[in-house]
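Here's the structure we're looking at; comments come further down.
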Number of protein chains: 2
Amino acid sequence: MSADQKFNPIRKGLLEFLILQIISADKVYVADMMKRLQETDFATQEGTLYPLLSKMRREEFVDYEWQESDSGPPRKYYKLTAKGKSQLAEFKDYWAYLNTTINQLGR
Amino acid sequence: MSADQKFNPIRKGLLEFLILQIISADKVYVADMMKRLQETDFATQEGTLYPLLSKMRREEFVDYEWQESDSGPPRKYYKLTAKGKSQLAEFKDYWAYLNTTINQLGR
DNA sequence: TTGGTACCTTTGTATTACAAGGTAGCTTTA
DNA sequence: TAAAGCTACCTTGTAATACAAAGGTACCAA
């Protein structure tokens, strides 16, 4: 899919939920997240991710553990908290609701 | 569905496409649009809609015809242009793509 | 002439992503 | 053992832009 600027406003704000979704699937650190996002239309930068993750931690949606690496400095591996899981569930509900709304308006 | 501020950022940018969707279904003027949106989580104000419609007209996604009313001043009834129809089609594709992306990231 | 409907513009706010710059730990190599 | 290079962490400032709120004009009917 093209990195079409046309849909920028829609992408906005969605990133946070994609992060929740990614973390729910795997234990990952920032470089992993970026790699996964790179495969999608949501490729992003460190400077975007770090502040976002800090915010999400302050809000207690995610937590992390330090974990050593074979080659290089230790990494922060993120995981969802209980609150993060229910946030993700809410998001999925809302997403389903959006689908309904869009379909309804089209007739 | 709640008017939950949590999802504000997601709603943002989506409005334009909902408008396209509404216009694609019916010939409507602004008050009609507002009524339809009121049934959803996208209830909005005149002050939001008019500038948006002006922009969409400049971009040639919509056009309008004046039509007299039984009671009151004439109304602008909007319809999609060819360009607007293909814009809506693109949006639907993109939306489908978003669904795919979200599902993919969740495992 | 009053009240209601319909149109439109201007201004301000808030959000968000990115770019750029900065610190520090670990490994490799000279 | 020093230094060079890589990896990983993080912060600050900027620009874009969408939306909402408020204010304003004009037409029509009673």
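Naming scheme: A, B, ... for chains in displayed order of the structure tokens; residues 1 onward per chain; ligands 1 onward as shown.
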Pick out the chain A residues within 8 Å of chain D. Count only C-alpha atoms (C1' of nucleotides). Give them as number ranges by chain. A: 50, 72-75
As a short mmCIF file (atom, residue, chain, number, x, y, z; two decimals) with N, CA and C atoms, in the first residue's frame, please: chain A after a least-squares superposition onto chain B using all C-alpha atoms matched in order.
```cif
data_model
loop_
_atom_site.label_atom_id
_atom_site.label_comp_id
_atom_site.auth_asym_id
_atom_site.auth_seq_id
_atom_site.Cartn_x
_atom_site.Cartn_y
_atom_site.Cartn_z
N MET A 1 -23.14 4.03 21.48
CA MET A 1 -21.69 4.10 21.82
C MET A 1 -21.40 5.43 22.50
N SER A 2 -20.55 5.41 23.48
CA SER A 2 -20.26 6.62 24.26
C SER A 2 -19.50 7.65 23.41
N ALA A 3 -19.69 8.89 23.77
CA ALA A 3 -18.90 9.95 23.14
C ALA A 3 -17.56 10.00 23.88
N ASP A 4 -16.83 8.91 23.79
CA ASP A 4 -15.63 8.72 24.60
C ASP A 4 -14.46 9.49 24.00
N GLN A 5 -13.94 10.39 24.78
CA GLN A 5 -12.81 11.19 24.31
C GLN A 5 -11.60 10.34 23.97
N LYS A 6 -11.57 9.17 24.54
CA LYS A 6 -10.45 8.28 24.32
C LYS A 6 -10.18 8.06 22.83
N PHE A 7 -11.25 8.04 22.05
CA PHE A 7 -11.10 7.71 20.65
C PHE A 7 -11.14 8.93 19.73
N ASN A 8 -11.09 10.09 20.32
CA ASN A 8 -11.07 11.31 19.52
C ASN A 8 -10.03 11.29 18.40
N PRO A 9 -8.79 10.94 18.71
CA PRO A 9 -7.79 10.98 17.64
C PRO A 9 -8.13 10.06 16.48
N ILE A 10 -8.82 9.00 16.74
CA ILE A 10 -9.19 8.09 15.66
C ILE A 10 -10.31 8.69 14.82
N ARG A 11 -11.24 9.33 15.49
CA ARG A 11 -12.32 9.97 14.75
C ARG A 11 -11.78 11.03 13.81
N LYS A 12 -10.74 11.70 14.27
CA LYS A 12 -10.19 12.80 13.47
C LYS A 12 -9.85 12.34 12.06
N GLY A 13 -10.26 13.12 11.13
CA GLY A 13 -9.89 12.83 9.76
C GLY A 13 -10.82 11.84 9.10
N LEU A 14 -11.58 11.16 9.91
CA LEU A 14 -12.51 10.18 9.35
C LEU A 14 -13.78 10.86 8.86
N LEU A 15 -14.06 11.99 9.43
CA LEU A 15 -15.31 12.69 9.13
C LEU A 15 -15.48 12.92 7.63
N GLU A 16 -14.41 13.35 6.99
CA GLU A 16 -14.49 13.64 5.56
C GLU A 16 -15.01 12.44 4.77
N PHE A 17 -14.59 11.28 5.17
CA PHE A 17 -15.00 10.10 4.40
C PHE A 17 -16.43 9.68 4.74
N LEU A 18 -16.82 9.95 5.96
CA LEU A 18 -18.21 9.67 6.31
C LEU A 18 -19.14 10.58 5.51
N ILE A 19 -18.72 11.80 5.32
CA ILE A 19 -19.51 12.73 4.51
C ILE A 19 -19.65 12.20 3.09
N LEU A 20 -18.54 11.77 2.54
CA LEU A 20 -18.60 11.17 1.20
C LEU A 20 -19.59 10.02 1.19
N GLN A 21 -19.50 9.21 2.20
CA GLN A 21 -20.38 8.05 2.29
C GLN A 21 -21.86 8.46 2.38
N ILE A 22 -22.12 9.45 3.18
CA ILE A 22 -23.50 9.93 3.33
C ILE A 22 -24.03 10.48 2.01
N ILE A 23 -23.20 11.30 1.38
CA ILE A 23 -23.64 11.92 0.13
C ILE A 23 -23.83 10.88 -0.97
N SER A 24 -23.04 9.83 -0.90
CA SER A 24 -23.17 8.79 -1.93
C SER A 24 -24.52 8.07 -1.82
N ALA A 25 -25.09 8.10 -0.65
CA ALA A 25 -26.34 7.37 -0.44
C ALA A 25 -27.58 8.20 -0.76
N ASP A 26 -27.52 9.48 -0.48
CA ASP A 26 -28.69 10.35 -0.63
C ASP A 26 -28.28 11.73 -1.09
N LYS A 27 -29.24 12.40 -1.68
CA LYS A 27 -29.07 13.82 -1.92
C LYS A 27 -29.41 14.54 -0.62
N VAL A 28 -28.45 15.22 -0.06
CA VAL A 28 -28.68 15.82 1.26
C VAL A 28 -28.14 17.24 1.31
N TYR A 29 -28.67 18.00 2.24
CA TYR A 29 -28.06 19.30 2.54
C TYR A 29 -27.57 19.24 3.97
N VAL A 30 -26.93 20.33 4.41
CA VAL A 30 -26.17 20.25 5.65
C VAL A 30 -26.98 19.74 6.85
N ALA A 31 -28.21 20.23 7.00
CA ALA A 31 -28.99 19.80 8.16
C ALA A 31 -29.25 18.29 8.12
N ASP A 32 -29.44 17.75 6.92
CA ASP A 32 -29.61 16.30 6.80
C ASP A 32 -28.37 15.55 7.26
N MET A 33 -27.24 16.05 6.83
CA MET A 33 -25.97 15.40 7.20
C MET A 33 -25.81 15.38 8.71
N MET A 34 -26.10 16.52 9.31
CA MET A 34 -25.94 16.60 10.75
C MET A 34 -26.87 15.62 11.45
N LYS A 35 -28.07 15.46 10.92
CA LYS A 35 -29.01 14.54 11.53
C LYS A 35 -28.49 13.11 11.44
N ARG A 36 -27.94 12.78 10.29
CA ARG A 36 -27.44 11.41 10.13
C ARG A 36 -26.24 11.16 11.04
N LEU A 37 -25.40 12.17 11.15
CA LEU A 37 -24.22 12.01 11.99
C LEU A 37 -24.59 11.93 13.47
N GLN A 38 -25.66 12.59 13.80
CA GLN A 38 -26.11 12.62 15.19
C GLN A 38 -26.42 11.21 15.71
N GLU A 39 -26.82 10.35 14.81
CA GLU A 39 -27.14 8.97 15.21
C GLU A 39 -25.87 8.18 15.49
N THR A 40 -24.74 8.74 15.15
CA THR A 40 -23.48 8.02 15.33
C THR A 40 -22.60 8.74 16.35
N ASP A 41 -21.38 8.27 16.44
CA ASP A 41 -20.42 8.89 17.35
C ASP A 41 -19.74 10.09 16.70
N PHE A 42 -20.28 10.52 15.58
CA PHE A 42 -19.64 11.59 14.82
C PHE A 42 -20.48 12.86 14.77
N ALA A 43 -21.36 13.02 15.74
CA ALA A 43 -22.17 14.22 15.81
C ALA A 43 -21.25 15.44 15.74
N THR A 44 -21.67 16.43 14.98
CA THR A 44 -20.78 17.57 14.78
C THR A 44 -21.58 18.86 14.57
N GLN A 45 -20.88 19.95 14.38
CA GLN A 45 -21.48 21.27 14.35
C GLN A 45 -21.46 21.86 12.94
N GLU A 46 -22.31 22.84 12.72
CA GLU A 46 -22.29 23.56 11.44
C GLU A 46 -20.89 24.08 11.14
N GLY A 47 -20.30 24.67 12.15
CA GLY A 47 -18.99 25.30 11.99
C GLY A 47 -17.91 24.33 11.58
N THR A 48 -18.18 23.06 11.76
CA THR A 48 -17.25 22.03 11.30
C THR A 48 -17.58 21.64 9.87
N LEU A 49 -18.85 21.50 9.61
CA LEU A 49 -19.28 20.96 8.33
C LEU A 49 -19.09 21.94 7.16
N TYR A 50 -19.46 23.18 7.37
CA TYR A 50 -19.39 24.11 6.25
C TYR A 50 -17.98 24.27 5.70
N PRO A 51 -17.01 24.51 6.56
CA PRO A 51 -15.64 24.62 6.01
C PRO A 51 -15.18 23.33 5.34
N LEU A 52 -15.57 22.21 5.92
CA LEU A 52 -15.16 20.94 5.34
C LEU A 52 -15.76 20.76 3.94
N LEU A 53 -17.03 21.08 3.81
CA LEU A 53 -17.67 20.95 2.51
C LEU A 53 -17.08 21.91 1.48
N SER A 54 -16.74 23.11 1.94
CA SER A 54 -16.09 24.05 1.02
C SER A 54 -14.78 23.48 0.51
N LYS A 55 -14.03 22.91 1.43
CA LYS A 55 -12.76 22.31 1.05
C LYS A 55 -12.98 21.18 0.04
N MET A 56 -13.97 20.36 0.33
CA MET A 56 -14.22 19.22 -0.54
C MET A 56 -14.71 19.67 -1.92
N ARG A 57 -15.36 20.80 -1.94
CA ARG A 57 -15.78 21.31 -3.23
C ARG A 57 -14.59 21.88 -4.01
N ARG A 58 -13.74 22.59 -3.32
CA ARG A 58 -12.53 23.10 -3.98
C ARG A 58 -11.73 21.93 -4.56
N GLU A 59 -11.72 20.83 -3.85
CA GLU A 59 -10.97 19.66 -4.32
C GLU A 59 -11.77 18.84 -5.34
N GLU A 60 -12.98 19.31 -5.60
CA GLU A 60 -13.83 18.69 -6.63
C GLU A 60 -14.28 17.28 -6.30
N PHE A 61 -14.48 17.02 -5.02
CA PHE A 61 -15.03 15.73 -4.63
C PHE A 61 -16.56 15.80 -4.58
N VAL A 62 -17.06 16.98 -4.30
CA VAL A 62 -18.51 17.15 -4.26
C VAL A 62 -18.92 18.37 -5.07
N ASP A 63 -20.20 18.40 -5.40
CA ASP A 63 -20.77 19.54 -6.07
C ASP A 63 -22.17 19.71 -5.48
N TYR A 64 -22.82 20.82 -5.80
CA TYR A 64 -24.15 21.00 -5.22
C TYR A 64 -25.08 21.66 -6.22
N GLU A 65 -26.37 21.57 -5.92
CA GLU A 65 -27.38 22.30 -6.67
C GLU A 65 -28.26 23.02 -5.68
N TRP A 66 -28.64 24.22 -6.03
CA TRP A 66 -29.62 24.92 -5.22
C TRP A 66 -30.98 24.28 -5.44
N GLN A 67 -31.73 24.19 -4.36
CA GLN A 67 -33.06 23.64 -4.50
C GLN A 67 -33.98 24.36 -3.53
N GLU A 68 -35.14 24.75 -4.01
CA GLU A 68 -36.03 25.54 -3.15
C GLU A 68 -36.68 24.66 -2.11
N SER A 69 -37.07 25.30 -1.04
CA SER A 69 -37.71 24.58 0.06
C SER A 69 -39.14 25.06 0.19
N ASP A 70 -40.02 24.19 0.72
CA ASP A 70 -41.40 24.60 0.96
C ASP A 70 -41.45 25.72 2.00
N SER A 71 -40.54 25.63 2.91
CA SER A 71 -40.66 26.54 4.05
C SER A 71 -39.29 27.05 4.44
N GLY A 72 -38.90 28.17 3.86
CA GLY A 72 -37.63 28.74 4.22
C GLY A 72 -36.76 28.99 3.02
N PRO A 73 -35.56 29.42 3.26
CA PRO A 73 -34.64 29.76 2.18
C PRO A 73 -34.21 28.53 1.40
N PRO A 74 -33.71 28.70 0.21
CA PRO A 74 -33.25 27.57 -0.60
C PRO A 74 -32.08 26.84 0.04
N ARG A 75 -31.88 25.63 -0.39
CA ARG A 75 -30.85 24.78 0.21
C ARG A 75 -29.87 24.31 -0.84
N LYS A 76 -28.67 24.06 -0.38
CA LYS A 76 -27.66 23.47 -1.25
C LYS A 76 -27.69 21.96 -1.07
N TYR A 77 -28.08 21.27 -2.10
CA TYR A 77 -28.06 19.81 -2.03
C TYR A 77 -26.78 19.30 -2.68
N TYR A 78 -26.08 18.49 -1.93
CA TYR A 78 -24.77 18.03 -2.39
C TYR A 78 -24.86 16.68 -3.09
N LYS A 79 -23.92 16.49 -4.01
CA LYS A 79 -23.79 15.18 -4.65
C LYS A 79 -22.31 14.92 -4.93
N LEU A 80 -21.99 13.67 -5.13
CA LEU A 80 -20.60 13.32 -5.43
C LEU A 80 -20.28 13.59 -6.89
N THR A 81 -19.05 14.04 -7.12
CA THR A 81 -18.55 14.10 -8.49
C THR A 81 -17.93 12.74 -8.82
N ALA A 82 -17.49 12.58 -10.05
CA ALA A 82 -16.79 11.35 -10.43
C ALA A 82 -15.54 11.20 -9.56
N LYS A 83 -14.85 12.31 -9.38
CA LYS A 83 -13.65 12.30 -8.56
C LYS A 83 -13.98 11.91 -7.12
N GLY A 84 -15.11 12.40 -6.64
CA GLY A 84 -15.54 12.06 -5.28
C GLY A 84 -15.84 10.58 -5.15
N LYS A 85 -16.42 10.02 -6.20
CA LYS A 85 -16.74 8.59 -6.14
C LYS A 85 -15.48 7.76 -6.08
N SER A 86 -14.48 8.16 -6.86
CA SER A 86 -13.27 7.34 -6.83
C SER A 86 -12.50 7.56 -5.52
N GLN A 87 -12.64 8.77 -4.98
CA GLN A 87 -12.04 9.03 -3.66
C GLN A 87 -12.67 8.13 -2.61
N LEU A 88 -13.95 7.98 -2.68
CA LEU A 88 -14.66 7.13 -1.73
C LEU A 88 -14.24 5.67 -1.91
N ALA A 89 -14.09 5.27 -3.16
CA ALA A 89 -13.66 3.89 -3.42
C ALA A 89 -12.27 3.65 -2.84
N GLU A 90 -11.39 4.63 -3.04
CA GLU A 90 -10.04 4.51 -2.47
C GLU A 90 -10.08 4.40 -0.97
N PHE A 91 -10.93 5.21 -0.39
CA PHE A 91 -11.05 5.17 1.06
C PHE A 91 -11.49 3.80 1.53
N LYS A 92 -12.45 3.22 0.85
CA LYS A 92 -12.94 1.91 1.26
C LYS A 92 -11.85 0.86 1.14
N ASP A 93 -11.06 0.96 0.09
CA ASP A 93 -9.93 0.05 -0.04
C ASP A 93 -8.97 0.23 1.12
N TYR A 94 -8.69 1.49 1.41
CA TYR A 94 -7.74 1.75 2.48
C TYR A 94 -8.27 1.23 3.81
N TRP A 95 -9.55 1.41 3.99
CA TRP A 95 -10.17 0.92 5.22
C TRP A 95 -10.03 -0.60 5.33
N ALA A 96 -10.24 -1.28 4.22
CA ALA A 96 -10.08 -2.74 4.22
C ALA A 96 -8.63 -3.10 4.54
N TYR A 97 -7.72 -2.29 3.97
CA TYR A 97 -6.32 -2.53 4.25
C TYR A 97 -6.00 -2.34 5.73
N LEU A 98 -6.59 -1.34 6.34
CA LEU A 98 -6.38 -1.12 7.77
C LEU A 98 -6.85 -2.33 8.57
N ASN A 99 -7.97 -2.86 8.19
CA ASN A 99 -8.47 -4.06 8.87
C ASN A 99 -7.47 -5.20 8.79
N THR A 100 -6.93 -5.37 7.60
CA THR A 100 -5.92 -6.42 7.42
C THR A 100 -4.71 -6.16 8.31
N THR A 101 -4.23 -4.92 8.28
CA THR A 101 -3.05 -4.58 9.06
C THR A 101 -3.26 -4.86 10.54
N ILE A 102 -4.39 -4.41 11.05
CA ILE A 102 -4.67 -4.59 12.46
C ILE A 102 -4.68 -6.07 12.82
N ASN A 103 -5.31 -6.86 11.98
CA ASN A 103 -5.36 -8.29 12.26
C ASN A 103 -3.98 -8.93 12.19
N GLN A 104 -3.21 -8.54 11.19
CA GLN A 104 -1.87 -9.11 11.04
C GLN A 104 -0.99 -8.84 12.25
N LEU A 105 -1.06 -7.63 12.74
CA LEU A 105 -0.17 -7.26 13.84
C LEU A 105 -0.54 -7.98 15.13
N GLY A 106 -1.73 -8.49 15.18
CA GLY A 106 -2.17 -9.14 16.40
C GLY A 106 -1.76 -10.60 16.50
N ARG A 107 -0.69 -10.93 15.84
CA ARG A 107 -0.14 -12.28 16.05
C ARG A 107 1.26 -12.43 15.53
#
```
Distance cut-off 9 Å, counting only C-alpha atoms (C1' of nucleotides) - which residues of chain C neighbour chain B? Return them as a PDB file with C-alpha atoms (C1' of nucleotides), in the first residue's frame.
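Result saved to selection_3.pdb:
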```pdb
ATOM      1  C1'  DG C   4     -36.722  30.738  11.949  1.00  0.00           C
ATOM      2  C1'  DT C   5     -33.885  28.529   8.570  1.00  0.00           C
ATOM      3  C1'  DA C   6     -29.766  28.267   5.911  1.00  0.00           C
ATOM      4  C1'  DC C   7     -25.676  29.826   4.451  1.00  0.00           C
ATOM      5  C1'  DC C   8     -20.548  31.005   5.496  1.00  0.00           C
ATOM      6  C1'  DT C   9     -15.951  32.792   7.641  1.00  0.00           C
ATOM      7  C1'  DT C  15      -2.681  16.960  18.982  1.00  0.00           C
TER       8       DT C  15
END
```
All alpha helix (DSSP H) residues (DSSP, backbone) inside chain A, as a VMD selection string: chain A and resid 8 to 11 15 to 25 30 to 38 46 to 58 82 to 105
Pull C-alpha atoms from the residues just selected and write them as a PDB file, in the first residue's frame.
```
ATOM      1  CA  ASN A   8      -2.458  10.708   7.034  1.00  0.00           C
ATOM      2  CA  PRO A   9      -5.264  12.090   9.180  1.00  0.00           C
ATOM      3  CA  ILE A  10      -6.752   8.636   9.495  1.00  0.00           C
ATOM      4  CA  ARG A  11      -3.474   7.090  10.492  1.00  0.00           C
ATOM      5  CA  LEU A  15      -0.578   4.170  16.063  1.00  0.00           C
ATOM      6  CA  GLU A  16      -1.123   3.816  19.785  1.00  0.00           C
ATOM      7  CA  PHE A  17      -3.531   0.972  19.256  1.00  0.00           C
ATOM      8  CA  LEU A  18      -1.309  -0.772  16.784  1.00  0.00           C
ATOM      9  CA  ILE A  19       1.416  -0.714  19.404  1.00  0.00           C
ATOM     10  CA  LEU A  20      -0.942  -2.318  21.881  1.00  0.00           C
ATOM     11  CA  GLN A  21      -1.764  -4.903  19.281  1.00  0.00           C
ATOM     12  CA  ILE A  22       1.886  -5.636  18.550  1.00  0.00           C
ATOM     13  CA  ILE A  23       2.790  -5.930  22.194  1.00  0.00           C
ATOM     14  CA  SER A  24      -0.152  -8.213  22.819  1.00  0.00           C
ATOM     15  CA  ALA A  25       1.255 -10.668  20.310  1.00  0.00           C
ATOM     16  CA  VAL A  30      11.488  -0.746  20.248  1.00  0.00           C
ATOM     17  CA  ALA A  31      13.541  -1.983  17.302  1.00  0.00           C
ATOM     18  CA  ASP A  32      11.203  -4.963  16.949  1.00  0.00           C
ATOM     19  CA  MET A  33       8.181  -2.710  16.901  1.00  0.00           C
ATOM     20  CA  MET A  34       9.693  -0.540  14.235  1.00  0.00           C
ATOM     21  CA  LYS A  35      10.442  -3.569  12.117  1.00  0.00           C
ATOM     22  CA  ARG A  36       6.882  -4.796  12.369  1.00  0.00           C
ATOM     23  CA  LEU A  37       5.485  -1.391  11.558  1.00  0.00           C
ATOM     24  CA  GLN A  38       7.805  -1.073   8.608  1.00  0.00           C
ATOM     25  CA  GLU A  46      12.322   6.287  17.186  1.00  0.00           C
ATOM     26  CA  GLY A  47      11.442   9.851  18.044  1.00  0.00           C
ATOM     27  CA  THR A  48       7.806   8.962  17.628  1.00  0.00           C
ATOM     28  CA  LEU A  49       7.853   5.683  19.455  1.00  0.00           C
ATOM     29  CA  TYR A  50       9.775   6.524  22.591  1.00  0.00           C
ATOM     30  CA  PRO A  51       7.570   9.387  23.719  1.00  0.00           C
ATOM     31  CA  LEU A  52       4.492   7.371  22.877  1.00  0.00           C
ATOM     32  CA  LEU A  53       5.654   4.415  24.936  1.00  0.00           C
ATOM     33  CA  SER A  54       6.519   6.687  27.839  1.00  0.00           C
ATOM     34  CA  LYS A  55       3.034   8.092  27.721  1.00  0.00           C
ATOM     35  CA  MET A  56       1.513   4.643  27.581  1.00  0.00           C
ATOM     36  CA  ARG A  57       3.555   3.602  30.553  1.00  0.00           C
ATOM     37  CA  ARG A  58       2.490   6.624  32.564  1.00  0.00           C
ATOM     38  CA  ALA A  82      -4.239  -5.725  32.647  1.00  0.00           C
ATOM     39  CA  LYS A  83      -5.322  -2.174  31.968  1.00  0.00           C
ATOM     40  CA  GLY A  84      -3.603  -2.305  28.596  1.00  0.00           C
ATOM     41  CA  LYS A  85      -5.426  -5.479  27.702  1.00  0.00           C
ATOM     42  CA  SER A  86      -8.792  -3.997  28.443  1.00  0.00           C
ATOM     43  CA  GLN A  87      -7.814  -0.856  26.556  1.00  0.00           C
ATOM     44  CA  LEU A  88      -7.038  -2.997  23.555  1.00  0.00           C
ATOM     45  CA  ALA A  89     -10.346  -4.814  23.907  1.00  0.00           C
ATOM     46  CA  GLU A  90     -12.164  -1.485  24.003  1.00  0.00           C
ATOM     47  CA  PHE A  91     -10.347  -0.376  20.939  1.00  0.00           C
ATOM     48  CA  LYS A  92     -11.358  -3.492  19.057  1.00  0.00           C
ATOM     49  CA  ASP A  93     -14.959  -2.926  20.014  1.00  0.00           C
ATOM     50  CA  TYR A  94     -14.749   0.643  18.880  1.00  0.00           C
ATOM     51  CA  TRP A  95     -13.181  -0.429  15.639  1.00  0.00           C
ATOM     52  CA  ALA A  96     -16.041  -2.848  15.031  1.00  0.00           C
ATOM     53  CA  TYR A  97     -18.426  -0.030  15.798  1.00  0.00           C
ATOM     54  CA  LEU A  98     -16.714   2.169  13.234  1.00  0.00           C
ATOM     55  CA  ASN A  99     -17.189  -0.522  10.643  1.00  0.00           C
ATOM     56  CA  THR A 100     -20.868  -0.638  11.437  1.00  0.00           C
ATOM     57  CA  THR A 101     -21.185   3.129  11.274  1.00  0.00           C
ATOM     58  CA  ILE A 102     -19.458   3.371   7.938  1.00  0.00           C
ATOM     59  CA  ASN A 103     -21.668   0.707   6.457  1.00  0.00           C
ATOM     60  CA  GLN A 104     -24.837   2.222   7.856  1.00  0.00           C
ATOM     61  CA  LEU A 105     -24.133   5.645   6.452  1.00  0.00           C
TER      62      LEU A 105
END
```
Among chain B, which ones does DSSP assign to strand (DSSP E or B) (computed from the backbone)? Answer as a list in words.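 Of chain B, only Val28, Val62, Asp63, Tyr64, Glu65, Trp66, Gln67, Arg75, Lys76, Tyr77, Tyr78, Lys79 and Leu80 of chain B fall in strand (DSSP E or B).
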